[in-house]
Structures are given as C-alpha cells and as structure tokens.
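I have placed the structure first, in the form of structure tokens, so that the comments after it can refer back to it.
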Amino acid sequence: MLTISTGNNAVAAAVREAGTGVVAAYPITPQTEIVEQIANFVTKGSMKASYIPVESEHSAMAACIGASITGIRTFTATSSHGLLYMNEMVNWAAAARLPIVMANVNRALGPGWNVWAEHTDSLQARDTGWLQVYVATVQEAYDATLMAFRIAEDRRVYLPVMVNLDGFTLSHITQQLEDVKIGDFIPPLVLDHKIDPAHPGGYGCMTSSVDYVRIRSDIERSMRDSVEVIRETEAEFAKRFGRSYSWTDDYRCEDAEVLILSMGTLGKEAEVAIDILRSEGVKAGSMRVRWIRPFPNLDLGDRELVVIDRNYSFGFGGILAGSIRAKTGKTCYNVIAGLGGQEVTYHDIASFVRNRKIGTEEWFGVKI
Amino acid sequence: MKNIRVLTLMPTVPDTEYIHKCTSACAGCSSDLILRHVLKAAGPDTVLVVPACCTSVLQGVYPNTSFGIPVYNVAFASAAAVASGMAAAFEELGKNTNVIAYAGDGGTVDIGIQALSGALERGTNFLYICYDNEAYGNTGMQRSGSTPLGARTTTTPGGKPHQKKDLDRIIAAHHLPYMATSCSAYPQDIVRKVEKALSIKGPKFLHILAPCPPGWRYDTAKTIEVGKLAVRSGMWAMYEREYDTLTLSGQTKAAMMKPAPLEEYLKIQGRFSGLKPDTIAEIRQSMERNLRLLKKEAEGTC
Amino acid sequence: MYEIRLHSRGGQGGVTAAKLMALAAFRDGKYATAAPFYGAERRGAPIVSFIRIDDQQIKIYSQIHQPDLVVVLDSSIINLVNVFDGLKPDGKVLINASEIPKAASGYKSYCVDLTGIALKTDLIVAGSPILNTPVIGALAKLGLFSKESARAAIAEMFADERNLKAAMMAYEELVV
Ligand SMILES: Cc1ncc(C[n+]2csc(CCOP(=O)(O)OP(=O)(O)O)c2C)c(N)n1
Ligand code: SF4
Ligand SMILES: [Mg+2]
C-alpha cells in the first residue's frame, strides 16, 4: 500500500513485516519512536514478538545477543550515546557471529548535548565487524531494514547489520512509503551455531592466539563474501518489489568531471545542487555512498572529487574522505559539514563544488 | 529538645534564588520546584552533577543557563561516578564544596544504578538526589523501572505490567548515614532534609517524588494537589533513615492514620485511565505492604 | 514546488497538522514532505514545521527560507518570532484568529478562528483545543489540496468524526 510515514515508523513497520521475534531496545532521541511503535505493535497484537524494555543500551544489545544465539530473528534500535554505551556488546555481537539487525538513528555526540544529525556515532563502530548501510529516504529506510535481515542471516555472512538514518532530518520527516508483503523474501532463520542442549559446546571460551587469528580472519572472509550476498539481495529485492539499490546512489555521474561524494540525506540534497551546477555548465555528478562496511569498490576514474563528511576523526580528517583516499589513492576536496545538525542547503553544496581546492580540507561555517 | 524538633519542622526557606525564572521546563513542572529548593538549602558553594534527563533541557541552550551555580552535565549512566571523582578531588584540594548529583528516576533506578551503588558502597562524600517523575521525561515519557504498575507510558500503551522498583530499600541496603524521601508538594520538607543531609559527611541520598503534568496527564495547575494526594493516600511515603533508624515524616504518619482514598490519586491522572479493578487491588496491596513495613520499622518492631 | 512554513507551539498539534498536509497533498497525487524542526524546547515553546508539495520527488531536506505560504496556529507567536521572514512577494499567510492581526496586514493574509471552531465542535483533548484537523479544512479552501483529499487524509488518521466536522466548518468559515 502506498501511504506516508516517518523514517522511524518505516523502520518499525519493516521490523514487523520481517517477522522479528525478539526486540530489546532503549529509548533515545531521535530514535525513540521506533521503540515506541514496536511496543505499540506488540501491545496491540499486530506484531507477535517479545519486546524487552531493558534498562540500558548495554543490556539492549546483550539481550539481543542472548536471544539471537537461540536462532530467533532479533532487532534493536539506538542512536548516538546509546550506540556508544552498548559498544562492548556491539563488538561482541559481530564476533559471536549473530545476525542481529540494528537501526541507528545518526546523532551527534556530547558534550554539549546535541540531538541532531551527524555520522560520527556509527562511524566509530565501523571496525566492529558490523555491516553498515546509510539511507536517505523513508522508503529506503524501510527497504534497507528488510534487506538487512536477509543479508545478516545468510549463512555466508552471519554478521550483524546496522541500518543508519539521519536523526530528525530523516527519522522525523514524513514522506511517501510503499510497504510490501514480504512473502518468502527473507527465508526462515537457520543459525548453524545456535545454542542447543542437544549439541553441547563452549561458546566464546578462552581461545589461543592460533585459533583467535583464524576466527578473526573468518569474520573478514564473511565480510568479503557479504559483497555477493548484498548484490544478490538487492537484485532480488528489485525483481520482487521494483526498487533497486546498489553500493552507491549515482546521479548524473556518467559524463561528470567532478563528483560529490557524501552519505545520508545530504546525498539527496546534493542532487539538487548538481542540477544547479549543470545549469551553470559545470559537469557535476553525485555519488551517495550507501555501504560503508563492506566498503565498496568505487569507480571514480580521473574525476575531481568533493567529499562531504558529516563526521570527523580528530587528528585524521573526514572518515569518508580518508576511506576513499585509502581505497583509491585519490585526493579530494574534503568538506566537513552538517555536524550536530548544522544546516547544509543545496546552495551550500553547490558552492562547495564551485570553490573546491583539491587536496585540502575545510570546515563549513568555521575556520580552523 | 522538643522545641528544636518543632523548629526543624518549620525551617525558614532561604530567599536567595539559584534558578532564574522562566526555565524551559514544561508548565507545572515540579522538578523545577524541587531543584529550586534544593539549591536554596545547599547555598552557593555547590556543584550540581546532572546526567541526561529533563534537567539537562531545563537549563536552557548554550551559552545561556538558568542556574546560578555550576552545573556539570554528564553522560546518562555516569552521574554517581562523576560525582565520586569530584568529591574525592574537592577533598584532596581541601574544599568543602557540596557535590550534589541530581538525576531522574531512569538515570537512577535503571541505567545509573550500578554507578550509584558503587559510590554509596565506597562511602563517597556526596548527596545524590533522585527526582522521580516515574518515567523517562526527557525522551517523551517511556516507562522506567520506577513507573508504577498500571501506568500508561509510550512504551506501555496498555499500562505497565510490572511493579515500581523499590529503590529505597535497595539504597537502604547500603546502610547510609542519611537517606530520606520527600515530595515536591512539600518544599519546606525538602529544604530541611537537604540541609540535614549536607551537614553529614559521607554518602547521602534523597528520593523526591516529582509529579509531571505531561507524563502523568493532569492539568498543569494541579501539580501540588497531585503531590499531596500521593502522600496523603499513602502511595508515596515520606521518611528519613539514619543508618538503621527510620523516622516517619509527619505527613506520612498522618496518612497512615487517616489516608485519602487511593482512587482519588489514580483518578486525577490520565496515565491511570482504564485501570482494571484487579490492578487497583494490586496497587493497593503493595502500597499497604510498604506502609506496614515502614511502620513496623519506625516502631522498631521488625 | 510549493513551500509552507507552519508555526505553532509545542503540544498544539503542529507536527500532526504538517503530516496531515503532506497526506492530503499526497492523496491529490502529489509528492509531499513534512519536516518538523525540533529545538530542545519543552511543551509550549514555539516550533516550526516545513511542508513541501511538488509534482516530482522532493530531494530537499534543509529548512524553508522563502515560503509560499506561512501558517500560524497560535497568533501570539507573531510577537515572538518573525513568522513572515522570507515570505515570497506573492506569498500568503493563514492565521488562526478571528481577525487579521495588525502585524499581518501588509501581507496577503487570511484568518479563521480555528480555536473557536475546535471549541464549538468540542474538539478538546486534555483541556486544549485541537487545531491540527480544523486547519486542514482551511488549507483546502486556500487551494493547497482538494476538499476530498482533506477529508480522506483526516479520515485516514482520525476515527473521531468531530475532526472532519471541524475541518469542514473551517472550510466554510474561511473567506478567500
Ligand atoms: C546512553 C544513553 N541512553 C539514552 C539516552 C537518552 N535519554 C536521555 S534522558 C533519558 C531519560 C531520562 O529519564 P529520567 O532519568 O527518568 O529523567 P527525566 O527525563 O524523567 O527527568 C533518556 C532515555 C542518553 N542520553 N544516553
Ligand atoms: S516532562 Fe515532566 S519532569 Fe520533564 S520538564 Fe516536563 S513537567 Fe518537568
Ligand atoms: Mg524520570
């Protein structure tokens, strides 16, 4: 059915449609509506699941871990300080090879308290072994959440997936949403290593360096295998439901001489900037990077790059720009913009391109 | 001796204000009122440690603040631990500055209880105040461990199926030199208890009921009335405990003799709408049990 | 693209009104987005929502600085915030008031007593009149979306018939 929804409600609807069995989550702005909506579904009986109103995010992820290892479909949602507080268990979930799906509503970190969009929260978790996708519309939040379960639960992956949406800008905006009947798009979860008294064994016990290295490398092998699984899943989704997604969301890139690379809603707003630049005769295109883990193979050719980072790694630089440099060897003009919900309009984005100084970094709105 | 007792029951409330008018609290917020009196009692040589909660919002937006004393905002789970460090440092520096952690019920009974228990056990010289609006106010009224049975919140749309966590008995198990309960409807009682707490060295704890109009769903003008009904009905008991000696406050003694009807307290609040008779009976049962235990303890018969 | 900025106070239903506007436009076959802009304020503080309506997919997430229409649910906000800021030269203003406030007289302003309508139709929750459904009727009259879509949107979000009644009353009462 075609209707309207907020980003948060779209995620909750997808979690219900996916047939999730256990949800353990804790409120935090601007994610709270996801938890509230799921609590509501469960109370009203439209979702047959157990919702655990835990006392902290550490316990939220811990409860998800306890649930997931029994082989049940498991979900949580958080944001910002919540993600930071659960970090120990976030790492645990990946290394324990649990196909948990989490929505993270991207928000800045304190102090001072700031509840608005920024990507530093989830990017701090980029080395944990979670797959990470960043979305830009309400529809994409819904679709990506559904696909996340299928990808995470694939035997070739068995790793958790984090779906990231911009706080307020996307979590609270109302846009159109076409929901789907999921059918058998997500096969029943078969967790080979699920806990089962019929097969006694020690999980996560003391491990020698030799085995530890083998186990860690296995995470990376699955991360690499997930590339194919993501490709298959997105192709199957497009076939069944008519909406296609890929590693990046490209706009007027074919003949572009300068590319804007960004993540989240800024990447959609950038498309408006591209139209303006094109009308001025600038051959610009936008590449919105969706997947950060596994990091995609970007085909950037010899085009000039303007990378917008809504995050920062202190003492290093913008994380997207740094990743692109590391993976492609290309330098760029790196603009740090939108931290703590700083407003960045399409006019601003167009001016980033006009004023680009390749090989430099600039903070939008301040001089350092 | 008798005179002193009467005097301490009716203290003069200091005139000085440490919270400016027009904070960004909701109309009828009782936590604002509590804090105002806490600071009057504590005076200017005080640092407030505040975890994420409504109090983080009501200070206003940087670079403004509505407070006349330093407020140290800290992460949600960390108030008691941060206060521990601060108290140790002040002691090391030879200062007598009051360290007061002012946290919501969520920041106390849920995410912050580990840090609080640790700080109490270590004998930290500080005062920890939990203002209890019985839900997560900052994020729009989700249930907390302190939400009472049957109350509707945004995560318990059908009414909370679990009992309110008995925080005070958990705290009492730490054998503090001083702990007390109070309610926003009795500001003089708050002033007296804060003054008393701050006159004692070591860990002190105050648990103050804080009716909240948007969360409890009652008219903003009725904040005092709701608070008084909580105490008069016996739903909220006011007392002090010095190590193992428990003294009931006058308001609660009165409520034990002649309680206001529990239904009156429930009826005035939208969050209790549609309570089933069984649930009301269960609420009454646990209320009576609490009062019975307190009474026995105060009489020294348990 | 048609851009609307809605001013209200926290707790008055401005956020829901914005959603209803998007839904009504959507039922007209348009693309629409509604984005509330939250500050760190509590109940009663002035808040803004941004609504965009277009024939194409809307890709803009930033705020609206040059609205085609300004809607003011609480006329007392006019004294606190410059609600007319950036209004397009031919832009319109719709105010919840029984007569157009002086400050709005220099603009193409319209008024309708939404509070009065809410009271008349007994559309009151927790002591406050509900303005989010009546305003949809007034906006339909201004031509933002069809009357049918306004009806459909309200029916989709609210079962209580007083909402529809109040909206239609606002539709009738607004003079354009
Ligand atoms: C680690 C972490 N999780 C969640 C939050 C979001 N959060 C901020 S305040 C709050 C609720 C506070 O409730 P309570 O302690 O009862 O204080 P109140 O808001 O009711 O005054 C929550 C969930 C946060 N800031 N940090
Ligand atoms: S939600 Fe309740 S406790 Fe928080 S500021 Fe408002 S009235 Fe006070
Ligand atoms: Mg609280």
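Convention: chains lettered A, B, ... in structure tokens order; per-chain residue numbering from 1; ligands numbered from 1 as shown.
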
Open item on the list: Excluding stretch 53-55 of chain C and its own-chain neighbours fewer than 2 positions away, which residues fall within 10 Å of it when counting only C-alpha atoms? Please give them as an MDAnalysis selection string.
Closed with: chainID C and resid 1:4 21:22 25:26 29:34 51 57:58 144:145

Within 12 Å of ligand 1, which residues of chain A come that close, and what is the closest atom pair and distance in Å for each? Count only C-alpha atoms and all ligand atoms and give it as JSON lines.
```
{"residue": "A:Ala25", "atom": "CA", "partner": "ligand 1", "partner_atom_place_in_ligand_line": "4 (C)", "distance": 10.2}
{"residue": "A:Tyr26", "atom": "CA", "partner": "ligand 1", "partner_atom_place_in_ligand_line": "4 (C)", "distance": 6.8}
{"residue": "A:Pro27", "atom": "CA", "partner": "ligand 1", "partner_atom_place_in_ligand_line": "23 (C)", "distance": 4.8}
{"residue": "A:Ile28", "atom": "CA", "partner": "ligand 1", "partner_atom_place_in_ligand_line": "6 (C)", "distance": 3.8}
{"residue": "A:Thr29", "atom": "CA", "partner": "ligand 1", "partner_atom_place_in_ligand_line": "6 (C)", "distance": 6.0}
{"residue": "A:Pro30", "atom": "CA", "partner": "ligand 1", "partner_atom_place_in_ligand_line": "6 (C)", "distance": 8.8}
{"residue": "A:Gln31", "atom": "CA", "partner": "ligand 1", "partner_atom_place_in_ligand_line": "6 (C)", "distance": 9.3}
{"residue": "A:Thr32", "atom": "CA", "partner": "ligand 1", "partner_atom_place_in_ligand_line": "23 (C)", "distance": 8.4}
{"residue": "A:Glu33", "atom": "CA", "partner": "ligand 1", "partner_atom_place_in_ligand_line": "23 (C)", "distance": 12.0}
{"residue": "A:Val35", "atom": "CA", "partner": "ligand 1", "partner_atom_place_in_ligand_line": "23 (C)", "distance": 11.2}
{"residue": "A:Pro53", "atom": "CA", "partner": "ligand 1", "partner_atom_place_in_ligand_line": "23 (C)", "distance": 11.5}
{"residue": "A:Val54", "atom": "CA", "partner": "ligand 1", "partner_atom_place_in_ligand_line": "23 (C)", "distance": 11.0}
{"residue": "A:Glu55", "atom": "CA", "partner": "ligand 1", "partner_atom_place_in_ligand_line": "23 (C)", "distance": 9.2}
{"residue": "A:Ser56", "atom": "CA", "partner": "ligand 1", "partner_atom_place_in_ligand_line": "3 (N)", "distance": 6.5}
{"residue": "A:Glu57", "atom": "CA", "partner": "ligand 1", "partner_atom_place_in_ligand_line": "3 (N)", "distance": 6.4}
{"residue": "A:His58", "atom": "CA", "partner": "ligand 1", "partner_atom_place_in_ligand_line": "1 (C)", "distance": 8.5}
{"residue": "A:Ser59", "atom": "CA", "partner": "ligand 1", "partner_atom_place_in_ligand_line": "1 (C)", "distance": 10.9}
{"residue": "A:Ala60", "atom": "CA", "partner": "ligand 1", "partner_atom_place_in_ligand_line": "3 (N)", "distance": 10.5}
{"residue": "A:Ala77", "atom": "CA", "partner": "ligand 1", "partner_atom_place_in_ligand_line": "4 (C)", "distance": 11.2}
{"residue": "A:Thr78", "atom": "CA", "partner": "ligand 1", "partner_atom_place_in_ligand_line": "3 (N)", "distance": 8.2}
{"residue": "A:Ser79", "atom": "CA", "partner": "ligand 1", "partner_atom_place_in_ligand_line": "4 (C)", "distance": 8.1}
{"residue": "A:Ser80", "atom": "CA", "partner": "ligand 1", "partner_atom_place_in_ligand_line": "26 (N)", "distance": 7.7}
{"residue": "A:His81", "atom": "CA", "partner": "ligand 1", "partner_atom_place_in_ligand_line": "1 (C)", "distance": 4.6}
{"residue": "A:Gly82", "atom": "CA", "partner": "ligand 1", "partner_atom_place_in_ligand_line": "1 (C)", "distance": 4.1}
{"residue": "A:Leu83", "atom": "CA", "partner": "ligand 1", "partner_atom_place_in_ligand_line": "1 (C)", "distance": 7.4}
{"residue": "A:Leu84", "atom": "CA", "partner": "ligand 1", "partner_atom_place_in_ligand_line": "1 (C)", "distance": 7.1}
{"residue": "A:Tyr85", "atom": "CA", "partner": "ligand 1", "partner_atom_place_in_ligand_line": "1 (C)", "distance": 5.2}
{"residue": "A:Met86", "atom": "CA", "partner": "ligand 1", "partner_atom_place_in_ligand_line": "1 (C)", "distance": 7.9}
{"residue": "A:Asn87", "atom": "CA", "partner": "ligand 1", "partner_atom_place_in_ligand_line": "1 (C)", "distance": 10.4}
{"residue": "A:Arg107", "atom": "CA", "partner": "ligand 1", "partner_atom_place_in_ligand_line": "25 (N)", "distance": 10.9}
{"residue": "A:Ala108", "atom": "CA", "partner": "ligand 1", "partner_atom_place_in_ligand_line": "25 (N)", "distance": 11.1}
{"residue": "A:Leu109", "atom": "CA", "partner": "ligand 1", "partner_atom_place_in_ligand_line": "25 (N)", "distance": 9.5}
{"residue": "A:Gly110", "atom": "CA", "partner": "ligand 1", "partner_atom_place_in_ligand_line": "25 (N)", "distance": 8.9}
{"residue": "A:Pro111", "atom": "CA", "partner": "ligand 1", "partner_atom_place_in_ligand_line": "25 (N)", "distance": 10.5}
{"residue": "A:Gly112", "atom": "CA", "partner": "ligand 1", "partner_atom_place_in_ligand_line": "25 (N)", "distance": 11.2}
{"residue": "A:Trp113", "atom": "CA", "partner": "ligand 1", "partner_atom_place_in_ligand_line": "25 (N)", "distance": 8.3}
{"residue": "A:Asn114", "atom": "CA", "partner": "ligand 1", "partner_atom_place_in_ligand_line": "25 (N)", "distance": 9.8}
{"residue": "A:Val115", "atom": "CA", "partner": "ligand 1", "partner_atom_place_in_ligand_line": "25 (N)", "distance": 9.1}
```

Open item on the list: Just want the residues within 10 Å of ligand 2, written as a PyMOL selection string, counting only C-alpha atoms and all ligand atoms.
Closed with: (chain B and resi 23-33+53-58+104+131-141+210-217+220+223) or (chain C and resi 41-43)

Task: Which residue of B:Ser273, B:Ser184, B:Thr153, B:Asn98 approaches chain A most closely, using only C-alpha atoms - done: B:Thr153

Open item on the list: If I take atom CA of B:Tyr239 and atom CA of B:Gly85, how far is one from the other in Å, to one decimal?
Closed with: 29.1 Å
